[in-house]
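Read through the structure below, which is laid out as structure tokens, and then see the notes.
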Amino acid sequence: MDKPLYSHTPLFESLPLGRQVKGRVWLKMDACQPTGSFKARGMSVAAQHYAAQGATSLLASSGGNAGLAVAYAGRQLGLPTTIVVPQSTGERAKELMRQEGAEVIVHGETWVEAHGLALEIQAKTGAAYLHPFDDPIIWAGHATMIAEVVASGIRPDALVVSVGGGGLLIGMIQGLRAAGWDDVTVVAVETAGASSLAQSIHAGELVTLPSIDTIATTLGAKQVAAQALKDSLDYGVIPHVVSDKEAVDACARFLHDHRVLVEPACGASLAAVYDPIPALKDKENILVIVCGGAGITPEQLAAYQQQL
């Protein structure tokens, strides 16, 4: 395969977070990807796959970070790219996609509507459609994160990850299983207004939310991928739900502690460690996936703090 378009990202210990859990906390910093989020892994791997199959243009629907990752991959591969985003997508995210040379179309209140239009465009144009989270190629791309952790020599006993549609979670479980690390406790964190995985786990079946009500808009999938629920039930994933305020406060603390600005979607998983949840009690090496997110500015974070 061609040289990857994603970066191998830093892995280092967080002393501030470690003090909170009275153990060691390791940060896998996918906020340092070229596009600012972990999506650069799976989406670029998928883009290269479809390009190798002869794709002449790329198409995606996204609340922000997946679309930005596809736009980045399209520019790197020299392929025209169209991204359909819902109305909830921030101006910053749209601006970044356009910087990468993508055409941005705004459609619908939520990702579901944007996804529907993207499928219509695909039927008319024949563009290669990259689903933001429900594609085995994308999951395999995300799993490379765990391979990098294995290569570092760090062996976690717990992993904390944010969940939107579930693509990252699926990749983490695949990576853990490939490493023979399926004894690692996995905590999947969502915000209260987008808790489709937690509700599905409790119900034992896929639950579709009536609406999304969170400022962590990039977690806004009304229903997770079916594979995410299957893997969660098979693996014994522990769901955890935080408030928007907890997610935003965690972003502010992380910015102070590590000089890195992340979206509330990423702040959700950090919140579960800053205010340690019972599942992390007595864990000695906790791996936190700092998934990042490009759709945030310091001004936005300050506004969120005032709002909440």
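Chain labels A, B, ... are given in the sequence in which chains occur in the structure tokens; within each chain residues are numbered consecutively from 1, and ligands are likewise numbered from 1 in the order shown.
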
From a backbone DSSP assignment, name each residue in region 89-193 of chain A labelled alpha helix (DSSP H), as a PyMOL selection string.
chain A and resi 91-99+111-125+136-152+167-178

Requested write-out: N, CA and C atoms of the selected residues, as a short mmCIF file (atom, residue, chain, number, x, y, z; two decimals), in the first residue's frame:
```cif
data_model
loop_
_atom_site.label_atom_id
_atom_site.label_comp_id
_atom_site.auth_asym_id
_atom_site.auth_seq_id
_atom_site.Cartn_x
_atom_site.Cartn_y
_atom_site.Cartn_z
N GLU A 91 -18.98 26.90 11.73
CA GLU A 91 -18.33 27.60 10.62
C GLU A 91 -16.85 27.24 10.54
N ARG A 92 -16.22 27.05 11.68
CA ARG A 92 -14.79 26.73 11.70
C ARG A 92 -14.52 25.43 10.94
N ALA A 93 -15.31 24.40 11.21
CA ALA A 93 -15.11 23.11 10.55
C ALA A 93 -15.31 23.23 9.04
N LYS A 94 -16.34 23.97 8.64
CA LYS A 94 -16.60 24.14 7.20
C LYS A 94 -15.46 24.90 6.53
N GLU A 95 -14.97 25.91 7.22
CA GLU A 95 -13.85 26.70 6.69
C GLU A 95 -12.62 25.81 6.47
N LEU A 96 -12.35 24.93 7.42
CA LEU A 96 -11.18 24.05 7.31
C LEU A 96 -11.33 23.08 6.14
N MET A 97 -12.54 22.58 5.92
CA MET A 97 -12.77 21.68 4.77
C MET A 97 -12.53 22.41 3.45
N ARG A 98 -13.02 23.65 3.39
CA ARG A 98 -12.83 24.43 2.16
C ARG A 98 -11.34 24.74 1.95
N GLN A 99 -10.62 24.96 3.04
CA GLN A 99 -9.17 25.19 2.93
C GLN A 99 -8.48 24.01 2.25
N TRP A 111 -26.93 14.69 11.06
CA TRP A 111 -26.12 13.92 10.13
C TRP A 111 -26.97 12.97 9.28
N VAL A 112 -28.04 12.43 9.83
CA VAL A 112 -28.87 11.48 9.09
C VAL A 112 -29.36 12.10 7.77
N GLU A 113 -29.81 13.35 7.83
CA GLU A 113 -30.27 14.03 6.61
C GLU A 113 -29.11 14.30 5.65
N ALA A 114 -27.97 14.71 6.20
CA ALA A 114 -26.79 14.95 5.35
C ALA A 114 -26.36 13.66 4.66
N HIS A 115 -26.38 12.58 5.40
CA HIS A 115 -26.04 11.26 4.87
C HIS A 115 -26.97 10.88 3.72
N GLY A 116 -28.26 11.15 3.89
CA GLY A 116 -29.24 10.84 2.85
C GLY A 116 -28.96 11.56 1.55
N LEU A 117 -28.63 12.85 1.65
CA LEU A 117 -28.31 13.62 0.44
C LEU A 117 -27.03 13.09 -0.20
N ALA A 118 -26.04 12.74 0.63
CA ALA A 118 -24.79 12.22 0.09
C ALA A 118 -25.02 10.96 -0.73
N LEU A 119 -25.90 10.10 -0.25
CA LEU A 119 -26.20 8.87 -1.00
C LEU A 119 -26.87 9.20 -2.34
N GLU A 120 -27.72 10.24 -2.35
CA GLU A 120 -28.34 10.67 -3.61
C GLU A 120 -27.28 11.17 -4.59
N ILE A 121 -26.33 11.96 -4.06
CA ILE A 121 -25.25 12.48 -4.90
C ILE A 121 -24.40 11.34 -5.45
N GLN A 122 -24.12 10.36 -4.60
CA GLN A 122 -23.33 9.21 -5.04
C GLN A 122 -24.02 8.48 -6.19
N ALA A 123 -25.33 8.30 -6.08
CA ALA A 123 -26.09 7.60 -7.13
C ALA A 123 -26.00 8.34 -8.46
N LYS A 124 -25.91 9.67 -8.40
CA LYS A 124 -25.87 10.47 -9.63
C LYS A 124 -24.46 10.58 -10.20
N THR A 125 -23.45 10.64 -9.32
CA THR A 125 -22.09 10.95 -9.78
C THR A 125 -21.15 9.76 -9.82
N PRO A 136 -15.72 -1.33 7.55
CA PRO A 136 -14.60 -2.12 8.08
C PRO A 136 -13.22 -1.56 7.72
N ILE A 137 -13.11 -0.93 6.56
CA ILE A 137 -11.81 -0.35 6.17
C ILE A 137 -11.44 0.78 7.13
N ILE A 138 -12.43 1.58 7.50
CA ILE A 138 -12.20 2.68 8.43
C ILE A 138 -11.83 2.15 9.81
N TRP A 139 -12.53 1.12 10.26
CA TRP A 139 -12.23 0.54 11.58
C TRP A 139 -10.79 0.04 11.63
N ALA A 140 -10.36 -0.61 10.55
CA ALA A 140 -8.98 -1.11 10.50
C ALA A 140 -7.98 0.04 10.57
N GLY A 141 -8.34 1.16 9.93
CA GLY A 141 -7.47 2.34 10.01
C GLY A 141 -7.35 2.86 11.42
N HIS A 142 -8.48 2.91 12.13
CA HIS A 142 -8.44 3.39 13.51
C HIS A 142 -7.65 2.43 14.41
N ALA A 143 -7.71 1.14 14.12
CA ALA A 143 -7.02 0.13 14.94
C ALA A 143 -5.51 0.32 14.93
N THR A 144 -4.98 1.03 13.93
CA THR A 144 -3.53 1.27 13.88
C THR A 144 -3.06 2.02 15.13
N MET A 145 -3.96 2.75 15.76
CA MET A 145 -3.61 3.47 16.99
C MET A 145 -3.12 2.50 18.07
N ILE A 146 -3.83 1.39 18.22
CA ILE A 146 -3.45 0.41 19.24
C ILE A 146 -2.13 -0.27 18.86
N ALA A 147 -1.93 -0.52 17.58
CA ALA A 147 -0.66 -1.10 17.14
C ALA A 147 0.51 -0.20 17.54
N GLU A 148 0.31 1.11 17.46
CA GLU A 148 1.36 2.05 17.87
C GLU A 148 1.60 1.99 19.38
N VAL A 149 0.53 1.82 20.15
CA VAL A 149 0.68 1.69 21.60
C VAL A 149 1.45 0.42 21.94
N VAL A 150 1.12 -0.69 21.26
CA VAL A 150 1.83 -1.95 21.47
C VAL A 150 3.32 -1.76 21.20
N ALA A 151 3.64 -1.09 20.10
CA ALA A 151 5.04 -0.88 19.72
C ALA A 151 5.79 -0.03 20.74
N SER A 152 5.06 0.79 21.49
CA SER A 152 5.70 1.66 22.48
C SER A 152 6.14 0.91 23.73
N GLY A 167 -17.29 4.14 15.30
CA GLY A 167 -16.19 3.66 14.49
C GLY A 167 -14.87 3.58 15.24
N LEU A 168 -14.58 4.58 16.05
CA LEU A 168 -13.35 4.57 16.84
C LEU A 168 -13.38 3.43 17.85
N LEU A 169 -14.50 3.26 18.53
CA LEU A 169 -14.63 2.17 19.51
C LEU A 169 -14.39 0.81 18.85
N ILE A 170 -14.99 0.59 17.70
CA ILE A 170 -14.80 -0.68 16.98
C ILE A 170 -13.32 -0.89 16.68
N GLY A 171 -12.66 0.17 16.19
CA GLY A 171 -11.24 0.07 15.89
C GLY A 171 -10.40 -0.24 17.11
N MET A 172 -10.76 0.36 18.25
CA MET A 172 -10.02 0.10 19.49
C MET A 172 -10.17 -1.36 19.91
N ILE A 173 -11.38 -1.89 19.83
CA ILE A 173 -11.60 -3.29 20.22
C ILE A 173 -10.87 -4.23 19.27
N GLN A 174 -10.91 -3.92 17.97
CA GLN A 174 -10.17 -4.74 17.01
C GLN A 174 -8.68 -4.72 17.32
N GLY A 175 -8.16 -3.53 17.63
CA GLY A 175 -6.74 -3.41 17.94
C GLY A 175 -6.36 -4.15 19.21
N LEU A 176 -7.19 -4.06 20.23
CA LEU A 176 -6.93 -4.76 21.49
C LEU A 176 -6.93 -6.27 21.27
N ARG A 177 -7.91 -6.76 20.52
CA ARG A 177 -7.98 -8.20 20.27
C ARG A 177 -6.78 -8.68 19.46
N ALA A 178 -6.37 -7.89 18.47
CA ALA A 178 -5.21 -8.26 17.65
C ALA A 178 -3.94 -8.34 18.48
#
```

Compile the contact shell of Gly78 (chain A) as a PyMOL selection string: residues with an atom at most 12 Å away, counting only C-alpha atoms, same-chain residues fewer than 6 positions apart removed.
chain A and resi 47-48+51+55-58+70-72+100-102

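Ranking A:Val260, A:Leu280, A:Ile296, A:Val184 by their shortest atom-to-atom distance to Thr217 (chain A), with only C-alpha atoms included, puts A:Ile296 first.
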
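The nearest approach to Ser44 (chain A) among the residues A:Asp257, A:Asp2, A:Asp249, A:Glu263, with only C-alpha atoms taken into account, belongs to A:Asp2.
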
The residue from A:Gly63, A:Gly54, A:Gly18, A:Gly292 with the smallest atom-to-atom distance to Asp30 (chain A), counting only C-alpha atoms, is A:Gly292

Just the number, please: distance in Å from CA of Gly74 (chain A) to CA of Ala294 (chain A), one decimal.
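Between CA of Gly74 (chain A) and CA of Ala294 (chain A) the gap works out to 17.5 Å.
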
When you look at Val161 (chain A) with a cut-off of 9 Å (counting only C-alpha atoms), what residues show up, excluding the ones that are within fewer than 6 positions of it in the same chain? I need them as a JSON list (two decimals) with N, CA and C atoms, in the first residue's frame.
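Saved to selection01.json:
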```json
[["chain", "number", "residue", "atom", "x", "y", "z"],
["A", 168, "LEU", "N", -14.58, 4.58, 16.05],
["A", 168, "LEU", "CA", -13.35, 4.57, 16.84],
["A", 168, "LEU", "C", -13.38, 3.43, 17.85],
["A", 169, "LEU", "N", -14.50, 3.26, 18.53],
["A", 169, "LEU", "CA", -14.63, 2.17, 19.51],
["A", 169, "LEU", "C", -14.39, 0.81, 18.85],
["A", 172, "MET", "N", -10.76, 0.36, 18.25],
["A", 172, "MET", "CA", -10.02, 0.10, 19.49],
["A", 172, "MET", "C", -10.17, -1.36, 19.91],
["A", 186, "VAL", "N", -12.58, -1.54, 28.83],
["A", 186, "VAL", "CA", -12.88, -0.45, 27.89],
["A", 186, "VAL", "C", -14.08, 0.34, 28.39],
["A", 187, "VAL", "N", -13.87, 1.64, 28.56],
["A", 187, "VAL", "CA", -14.93, 2.56, 28.97],
["A", 187, "VAL", "C", -15.28, 3.44, 27.78],
["A", 188, "ALA", "N", -16.54, 3.41, 27.37],
["A", 188, "ALA", "CA", -17.02, 4.19, 26.22],
["A", 188, "ALA", "C", -17.85, 5.36, 26.73],
["A", 189, "VAL", "N", -17.43, 6.58, 26.41],
["A", 189, "VAL", "CA", -18.03, 7.77, 27.01],
["A", 189, "VAL", "C", -18.80, 8.57, 25.96],
["A", 190, "GLU", "N", -20.00, 8.99, 26.36],
["A", 190, "GLU", "CA", -20.84, 9.85, 25.52],
["A", 190, "GLU", "C", -21.36, 11.00, 26.37],
["A", 266, "CYS", "N", -14.23, 15.12, 22.59],
["A", 266, "CYS", "CA", -13.03, 14.52, 23.19],
["A", 266, "CYS", "C", -13.02, 14.77, 24.70],
["A", 268, "ALA", "N", -15.37, 14.63, 26.63],
["A", 268, "ALA", "CA", -16.22, 13.65, 27.31],
["A", 268, "ALA", "C", -15.39, 12.54, 27.93],
["A", 269, "SER", "N", -14.45, 11.98, 27.17],
["A", 269, "SER", "CA", -13.64, 10.89, 27.72],
["A", 269, "SER", "C", -12.66, 11.42, 28.77],
["A", 270, "LEU", "N", -12.15, 12.62, 28.57],
["A", 270, "LEU", "CA", -11.27, 13.21, 29.58],
["A", 270, "LEU", "C", -12.01, 13.44, 30.89],
["A", 287, "LEU", "N", -5.16, 4.11, 29.53],
["A", 287, "LEU", "CA", -4.90, 4.71, 28.22],
["A", 287, "LEU", "C", -6.11, 5.54, 27.81],
["A", 288, "VAL", "N", -5.90, 6.82, 27.61],
["A", 288, "VAL", "CA", -6.98, 7.71, 27.18],
["A", 288, "VAL", "C", -6.75, 8.08, 25.71],
["A", 289, "ILE", "N", -7.74, 7.84, 24.89],
["A", 289, "ILE", "CA", -7.64, 8.20, 23.48],
["A", 289, "ILE", "C", -8.03, 9.67, 23.34],
["A", 290, "VAL", "N", -7.04, 10.52, 23.11],
["A", 290, "VAL", "CA", -7.30, 11.96, 22.95],
["A", 290, "VAL", "C", -7.62, 12.16, 21.47],
["A", 291, "CYS", "N", -8.90, 11.99, 21.15],
["A", 291, "CYS", "CA", -9.32, 11.91, 19.74],
["A", 291, "CYS", "C", -9.30, 13.27, 19.05]]
```

Given the choices A:Ser62, A:Ser200, A:Thr9, A:Thr218, which gets closest to Leu233 (chain A) if the distance is worked out from only C-alpha atoms?
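Using only C-alpha atoms, the shortest distance to Leu233 (chain A) belongs to A:Ser200.
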
Which value, in Å to one decimal, gives the distance between CA of Gln227 (chain A) and CA of Phe133 (chain A)?
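Separation between CA of Gln227 (chain A) and CA of Phe133 (chain A): 10.3 Å.
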
Exercise: Phe12 (chain A) partners within 8 Å, only C-alpha atoms, chain neighbours under 6 positions left out, as a list of chain:residue names
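Everything that qualifies: A:Trp26, A:Leu27, A:Lys28.
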
Near-Gly204 (chain A) list (12 Å; only C-alpha atoms; drop same-chain fewer than 3 positions) as JSON, numbers by chain
{"A": [196, 197, 198, 199, 200, 201, 207, 226, 229, 230, 231, 232, 233, 234, 236]}

Just the selected residues (C-alpha atoms), exported as a CSV table (one decimal), in the first residue's frame, please.
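Written output follows (again-v7.csv):
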```csv
chain,number,residue,atom,x,y,z
A,196,SER,CA,-27.1,6.2,21.7
A,197,LEU,CA,-24.5,3.5,22.6
A,198,ALA,CA,-25.2,3.6,26.4
A,199,GLN,CA,-29.0,3.3,25.7
A,200,SER,CA,-28.4,0.5,23.2
A,201,ILE,CA,-26.2,-1.5,25.6
A,207,VAL,CA,-31.7,2.3,20.0
A,226,ALA,CA,-24.6,-2.2,14.6
A,229,LEU,CA,-23.2,-2.5,19.8
A,230,LYS,CA,-22.2,-6.1,18.9
A,231,ASP,CA,-18.6,-5.5,19.9
A,232,SER,CA,-19.6,-3.7,23.1
A,233,LEU,CA,-21.9,-6.5,24.2
A,234,ASP,CA,-19.3,-9.2,23.3
A,236,GLY,CA,-18.1,-6.1,27.9
```

Smallest atom-to-atom distance to Lys39 (chain A): which of A:Lys3, A:Gly293, A:Asp135, A:Ile277, using only C-alpha atoms?
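Among the listed residues, A:Gly293 lies closest to Lys39 (chain A).
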
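All residues of protein, DNA or RNA that reach within 12 Å of Pro210 (chain A), judged by only C-alpha atoms and not counting those fewer than 4 positions away in the chain, are Thr110, Val112, Gly193, Ala194, Ser195, Ser196, Gly220, Ala221, Lys222 and Gln223 of chain A.
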